[in-house]
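Participant: Below is the structure I would like to discuss, written out as structure tokens.
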Amino acid sequence: MNQTRFAYVQIGANDYKALADFYVKAMGFTICKDTAWLDGKEGICLAAPGFESGTAPVFGFVPASKGSSANINDAGFAHTCYETNDVKAAVKQLLKCGGSIHSTMKNAEAHPCVYCKDPEGNVVEFHIPFPAEKTAGELANTAACLLGLKREKNLRKGNAQGAMKFIHVNIICPDWSKLCGFYRTVFGCVNTGSQKDHQGSYKEQVIGVPNVHVTGQHVLLPGFKKDYPTLEIFTYSVPGRALPCEETARGINAIGFFCENAQTVAEQMVQAGGIINEKTDSRIVAGDLQNGRILLRQK
């Protein structure tokens with residue numbers, strides 16, 4: 001398969017400079033010198049927290065004026081998620097920097113998982129390191145986080161509370177299984193973890209959507225030797241809006257991949273049901289099954 005590497009998330013904002021500053025101060029992002037993803041246009045690039053130097057996905061913050069940031073159940077790129085050993089401290093820092101809490105349960109910041117919003121209304125999820133393989137070490141770390149104990153070897157440097165890692169981009173769609181198949185076929189993504197089936201009053205409060213049933217799957221994004229970020233591809237029984245996915249749209253309006261051969265990947269996307277929207281000398285702008293905007297760049 002044509003080698004690809006997940007490398008980019010783009011967020012459109014009314015005030016992209018202020019929003020980028022928020023992600024530095026509240027979320028532990030760092031300034032990134034590599035601005036190639038901006039394609040010479042206005043914006044700021046930041047490296048996502050929790051990765052070794054030079055391996056972090058890049059977030060591009062760009063000016064945008066169309067529409068509004070995504071609600072948690074809107075179809076498209078709906079939120080980003082961050083793992084932290086101290087959810088309470090993460091939420092406190094986010095509130096201090098101008099964010100807000102989205103989850104509706106009492107004392108939300110004291111829970112192991114909470115949904116918040118940045119100052120422009122983009123949803124960000126914080127949760128402790130849930131055990132994926134259920135090894136003794138993972139279970140011990142989860143227990144320590146729930147009890148508020150410090151496990152220094154598991155902390156990741158980068159922000160005021162000392163522990164934050166970008167771990168997934170969430171996509172909402174009408175048929176999660178079909179969209180997972182698209183990303184597996186085109187980008188070599190691999191299913192990870194069990195299929196998700198979330199419902200009940202507590203989950204409704206965490207998500208902030210009443211009477212909801214959420215199903216889906218995580219797939220590993222390609223190009224990482226360890227600590228893979230994922231796509232969290234979900235279907236909500238209570239659907240939201242179909243988001244505009246354009247360069248001028250507010251919120252998460254694109255993800256990007258470096259490709260060994262961008263043209264070949266673009267052709268594979270079309271064969272799998274995607275579309276090509278634009279080609280330039282430096283990139284290809286494509287769309288997944290629901291026209292989620294994907295940028296392809298040659299390695």
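Going by the structure tokens order, chains are called A, B, ..., each with residues numbered from 1, while ligands are numbered from 1 in the order shown.
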Within 9 Å of A:Leu179, counting only C-alpha atoms, which residues qualify if same-chain residues fewer than 4 places away don't, as a ChimeraX atom specification?
Facilitator: /A:173-175,183-184,233,288-290
Participant: Atoms to include: all heavy atoms. Write the selected residues as a short mmCIF file (atom, residue, chain, number, x, y, z; two decimals), in the first residue's frame.
Facilitator:
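out_1.cif, written as the output of this step:
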```cif
data_model
loop_
_atom_site.label_atom_id
_atom_site.label_comp_id
_atom_site.auth_asym_id
_atom_site.auth_seq_id
_atom_site.Cartn_x
_atom_site.Cartn_y
_atom_site.Cartn_z
N CYS A 173 -20.92 10.60 11.64
CA CYS A 173 -21.44 10.26 10.31
C CYS A 173 -22.68 9.38 10.46
O CYS A 173 -22.92 8.80 11.53
CB CYS A 173 -20.36 9.53 9.50
SG CYS A 173 -19.85 7.96 10.24
N PRO A 174 -23.46 9.21 9.38
CA PRO A 174 -24.67 8.38 9.47
C PRO A 174 -24.37 6.89 9.59
O PRO A 174 -25.19 6.14 10.13
CB PRO A 174 -25.40 8.68 8.15
CG PRO A 174 -24.83 9.98 7.67
CD PRO A 174 -23.42 10.00 8.13
N ASP A 175 -23.22 6.43 9.08
CA ASP A 175 -22.90 5.00 9.08
C ASP A 175 -21.42 4.82 9.42
O ASP A 175 -20.56 4.86 8.55
CB ASP A 175 -23.22 4.39 7.70
CG ASP A 175 -23.04 2.88 7.65
OD1 ASP A 175 -22.36 2.32 8.53
OD2 ASP A 175 -23.60 2.26 6.73
N TYR A 183 -11.63 4.59 5.47
CA TYR A 183 -10.30 4.97 5.97
C TYR A 183 -9.35 3.77 6.05
O TYR A 183 -8.14 3.92 5.87
CB TYR A 183 -10.43 5.67 7.33
CG TYR A 183 -10.82 7.13 7.19
CD1 TYR A 183 -12.16 7.53 7.28
CD2 TYR A 183 -9.88 8.10 6.92
CE1 TYR A 183 -12.52 8.86 7.13
CE2 TYR A 183 -10.23 9.44 6.77
CZ TYR A 183 -11.56 9.81 6.87
OH TYR A 183 -11.91 11.13 6.70
N ARG A 184 -9.88 2.58 6.29
CA ARG A 184 -9.03 1.39 6.25
C ARG A 184 -8.55 1.13 4.83
O ARG A 184 -7.37 0.84 4.60
CB ARG A 184 -9.80 0.18 6.78
CG ARG A 184 -10.05 0.17 8.28
CD ARG A 184 -10.46 -1.21 8.76
NE ARG A 184 -11.65 -1.69 8.07
CZ ARG A 184 -12.89 -1.54 8.51
NH1 ARG A 184 -13.11 -0.91 9.66
NH2 ARG A 184 -13.92 -2.00 7.84
N ILE A 233 -14.70 7.29 15.00
CA ILE A 233 -15.77 7.43 14.01
C ILE A 233 -17.07 6.93 14.64
O ILE A 233 -17.22 5.75 14.92
CB ILE A 233 -15.43 6.65 12.72
CG1 ILE A 233 -14.09 7.16 12.16
CG2 ILE A 233 -16.54 6.81 11.69
CD1 ILE A 233 -13.61 6.43 10.91
N ASP A 288 -13.90 12.71 1.97
CA ASP A 288 -14.26 11.33 2.28
C ASP A 288 -15.72 11.07 1.87
O ASP A 288 -16.29 11.85 1.09
CB ASP A 288 -13.99 10.99 3.74
CG ASP A 288 -14.84 11.81 4.73
OD1 ASP A 288 -15.88 12.37 4.33
OD2 ASP A 288 -14.45 11.89 5.91
N LEU A 289 -16.34 10.04 2.38
CA LEU A 289 -17.69 9.66 1.93
C LEU A 289 -18.75 10.71 2.21
O LEU A 289 -19.79 10.73 1.56
CB LEU A 289 -18.10 8.33 2.60
CG LEU A 289 -17.23 7.12 2.26
CD1 LEU A 289 -17.78 5.88 2.97
CD2 LEU A 289 -17.17 6.88 0.76
N GLN A 290 -18.51 11.58 3.20
CA GLN A 290 -19.46 12.67 3.45
C GLN A 290 -18.82 14.03 3.18
O GLN A 290 -19.21 15.04 3.72
CB GLN A 290 -20.02 12.59 4.86
CG GLN A 290 -19.01 12.63 5.98
CD GLN A 290 -19.66 12.51 7.35
OE1 GLN A 290 -20.85 12.21 7.47
NE2 GLN A 290 -18.89 12.74 8.39
#
```
Participant: Using only C-alpha atoms, find the one residue out of A:Gln263, A:Asn107, A:Met269, A:Thr55 that sits nearest to A:Ile284.
Facilitator: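 So, comparing all the options, the nearest one is A:Gln263.
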Participant: So which residues touch A:Pro229 within 7 Å, counting only C-alpha atoms, skipping near sequence neighbours fewer than 5 positions away, as a VMD selection string?
Facilitator: chain A and resid 167 to 168 220 to 221
Participant: Could you please take those selected residues and save C-alpha atoms as an mmCIF file, in the first residue's frame?
Facilitator:
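Contents of result-v3.cif, as written:
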```
data_model
loop_
_atom_site.group_PDB
_atom_site.id
_atom_site.type_symbol
_atom_site.label_atom_id
_atom_site.label_comp_id
_atom_site.auth_asym_id
_atom_site.auth_seq_id
_atom_site.Cartn_x
_atom_site.Cartn_y
_atom_site.Cartn_z
ATOM 1 C CA ILE A 167 -5.144 11.260 21.060
ATOM 2 C CA HIS A 168 -7.974 11.501 18.537
ATOM 3 C CA LEU A 220 -5.342 3.871 14.190
ATOM 4 C CA LEU A 221 -4.033 6.696 12.048
#
```
Participant: Rank A:Gly67, A:Val206, A:Cys81, A:Ala254 by their smallest atom-to-atom distance to A:Pro112, using only C-alpha atoms, and report the top residue only.
Facilitator: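 Closest candidate: A:Val206.
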Participant: Would you list, as a list of chain:residue names, the residues of stretch 10-96 of chain A that end up in strand (DSSP E or B) under DSSP run on this structure's backbone?
Facilitator: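 Those in stretch 10-96 of chain A that DSSP calls strand (DSSP E or B) are A:Gln10, A:Ile11, A:Gly12, A:Ala13, A:Thr30, A:Ile31, A:Ile44, A:Cys45, A:Leu46, A:Ala47, A:Val58, A:Phe59, A:Gly60, A:Phe61, A:Val62, A:Pro63, A:Lys66, A:Ala75, A:Gly76, A:Phe77, A:Ala78, A:His79, A:Thr80, A:Cys81, A:Tyr82, A:Glu83.
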Participant: Using only C-alpha atoms, please write the residues we just selected to a file, as an mmCIF file, in the first residue's frame.
Facilitator:
```cif
data_model
loop_
_atom_site.group_PDB
_atom_site.id
_atom_site.type_symbol
_atom_site.label_atom_id
_atom_site.label_comp_id
_atom_site.auth_asym_id
_atom_site.auth_seq_id
_atom_site.Cartn_x
_atom_site.Cartn_y
_atom_site.Cartn_z
ATOM 1 C CA GLN A 10 -6.948 22.456 10.573
ATOM 2 C CA ILE A 11 -9.210 24.678 12.674
ATOM 3 C CA GLY A 12 -10.921 27.757 11.254
ATOM 4 C CA ALA A 13 -11.603 30.599 13.685
ATOM 5 C CA THR A 30 3.930 24.480 21.089
ATOM 6 C CA ILE A 31 4.906 26.732 18.193
ATOM 7 C CA ILE A 44 -0.434 29.765 12.739
ATOM 8 C CA CYS A 45 0.897 26.205 13.082
ATOM 9 C CA LEU A 46 1.277 24.463 16.451
ATOM 10 C CA ALA A 47 2.620 21.032 17.397
ATOM 11 C CA VAL A 58 0.529 19.799 13.349
ATOM 12 C CA PHE A 59 -2.567 21.894 14.055
ATOM 13 C CA GLY A 60 -3.142 24.829 11.722
ATOM 14 C CA PHE A 61 -5.235 27.757 12.981
ATOM 15 C CA VAL A 62 -6.596 29.813 10.086
ATOM 16 C CA PRO A 63 -9.030 32.699 9.588
ATOM 17 C CA LYS A 66 -18.499 30.664 7.472
ATOM 18 C CA ALA A 75 -21.907 15.427 11.005
ATOM 19 C CA GLY A 76 -18.247 15.988 10.154
ATOM 20 C CA PHE A 77 -15.073 16.543 12.194
ATOM 21 C CA ALA A 78 -16.763 17.205 15.517
ATOM 22 C CA HIS A 79 -14.120 17.331 18.276
ATOM 23 C CA THR A 80 -10.557 16.582 19.349
ATOM 24 C CA CYS A 81 -9.576 14.575 22.440
ATOM 25 C CA TYR A 82 -6.701 14.790 24.924
ATOM 26 C CA GLU A 83 -5.460 12.313 27.495
#
```
Participant: Between atom CA of A:Val190 and atom CA of A:Ala286, what is the distance, to one decimal in Å?
Facilitator: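 Going from atom CA of A:Val190 over to atom CA of A:Ala286, I get 20.9 Å.
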Participant: Hey, which of A:Val270, A:Val186, A:Ile294, A:Leu95 ends up closest to A:Glu109? Count only C-alpha atoms.
Facilitator: A:Leu95
Participant: I need the residues in stretch 19-97 of chain A that are alpha helix (DSSP H) according to DSSP; give them as a PyMOL selection string.
Facilitator: chain A and resi 19-27+87-96
Participant: Keeping N, CA and C atoms for every residue in the selection just given, could you write it to a file as a compact mmCIF listing (two decimals), in the first residue's frame?
Facilitator:
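Output file part-v7.txt follows:
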```txt
# COMPACT_ATOMS: atom_id res chain seq x y z
N LEU A 19 -7.14 32.08 19.31
CA LEU A 19 -7.42 30.67 19.53
C LEU A 19 -6.14 29.85 19.62
N ALA A 20 -5.17 30.14 18.76
CA ALA A 20 -3.87 29.47 18.83
C ALA A 20 -3.21 29.73 20.18
N ASP A 21 -3.31 30.95 20.67
CA ASP A 21 -2.74 31.29 21.97
C ASP A 21 -3.41 30.50 23.09
N PHE A 22 -4.71 30.30 22.96
CA PHE A 22 -5.44 29.48 23.94
C PHE A 22 -4.90 28.06 23.95
N TYR A 23 -4.68 27.47 22.79
CA TYR A 23 -4.21 26.08 22.73
C TYR A 23 -2.78 25.94 23.28
N VAL A 24 -2.01 27.00 23.18
CA VAL A 24 -0.67 27.00 23.81
C VAL A 24 -0.80 27.05 25.33
N LYS A 25 -1.58 28.00 25.83
CA LYS A 25 -1.65 28.24 27.27
C LYS A 25 -2.50 27.21 28.02
N ALA A 26 -3.58 26.74 27.39
CA ALA A 26 -4.50 25.84 28.08
C ALA A 26 -4.25 24.38 27.77
N MET A 27 -3.68 24.08 26.60
CA MET A 27 -3.64 22.70 26.13
C MET A 27 -2.23 22.15 25.96
N VAL A 87 -7.52 15.28 35.07
CA VAL A 87 -8.62 15.95 34.36
C VAL A 87 -9.01 17.25 35.06
N LYS A 88 -9.07 17.21 36.38
CA LYS A 88 -9.49 18.40 37.14
C LYS A 88 -8.57 19.58 36.86
N ALA A 89 -7.25 19.33 36.86
CA ALA A 89 -6.31 20.41 36.58
C ALA A 89 -6.42 20.89 35.14
N ALA A 90 -6.65 19.95 34.22
CA ALA A 90 -6.80 20.33 32.80
C ALA A 90 -8.00 21.23 32.60
N VAL A 91 -9.12 20.87 33.22
CA VAL A 91 -10.33 21.68 33.10
C VAL A 91 -10.14 23.04 33.76
N LYS A 92 -9.48 23.06 34.90
CA LYS A 92 -9.22 24.33 35.60
C LYS A 92 -8.42 25.27 34.71
N GLN A 93 -7.39 24.73 34.04
CA GLN A 93 -6.56 25.56 33.16
C GLN A 93 -7.37 26.04 31.97
N LEU A 94 -8.20 25.17 31.41
CA LEU A 94 -9.04 25.55 30.26
C LEU A 94 -9.99 26.67 30.65
N LEU A 95 -10.63 26.57 31.82
CA LEU A 95 -11.54 27.62 32.28
C LEU A 95 -10.81 28.93 32.51
N LYS A 96 -9.61 28.84 33.09
CA LYS A 96 -8.80 30.02 33.35
C LYS A 96 -8.47 30.77 32.07
```
Participant: Calculated over only C-alpha atoms, which of the candidates A:Ser68, A:Asn14, A:Asn85, A:Asn73 has the smallest distance to A:Arg241?
Facilitator: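 Of A:Ser68, A:Asn14, A:Asn85, A:Asn73, the one nearest A:Arg241 is A:Asn73, counting only C-alpha atoms.
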Participant: Suppose you want the space between atom CA of A:Met105 and atom CA of A:Gly251; what is it in Å?
Facilitator: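 Computing the Euclidean distance for atom CA of A:Met105 and atom CA of A:Gly251 yields 25.0 Å.
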Participant: Select, from A:Ala56, A:Ile101, A:Val212, A:Ala7, the residue with the minimum atom-to-atom distance to A:Leu295, counting only C-alpha atoms.
Facilitator: A:Ala7
Participant: Just checking: using only C-alpha atoms, which residue out of A:Ile207, A:Leu243, A:Val169, A:Ala249 ends up closest to A:Ala108?
Facilitator: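 Once distances to A:Ala108 are computed over only C-alpha atoms, the minimum belongs to A:Ile207.
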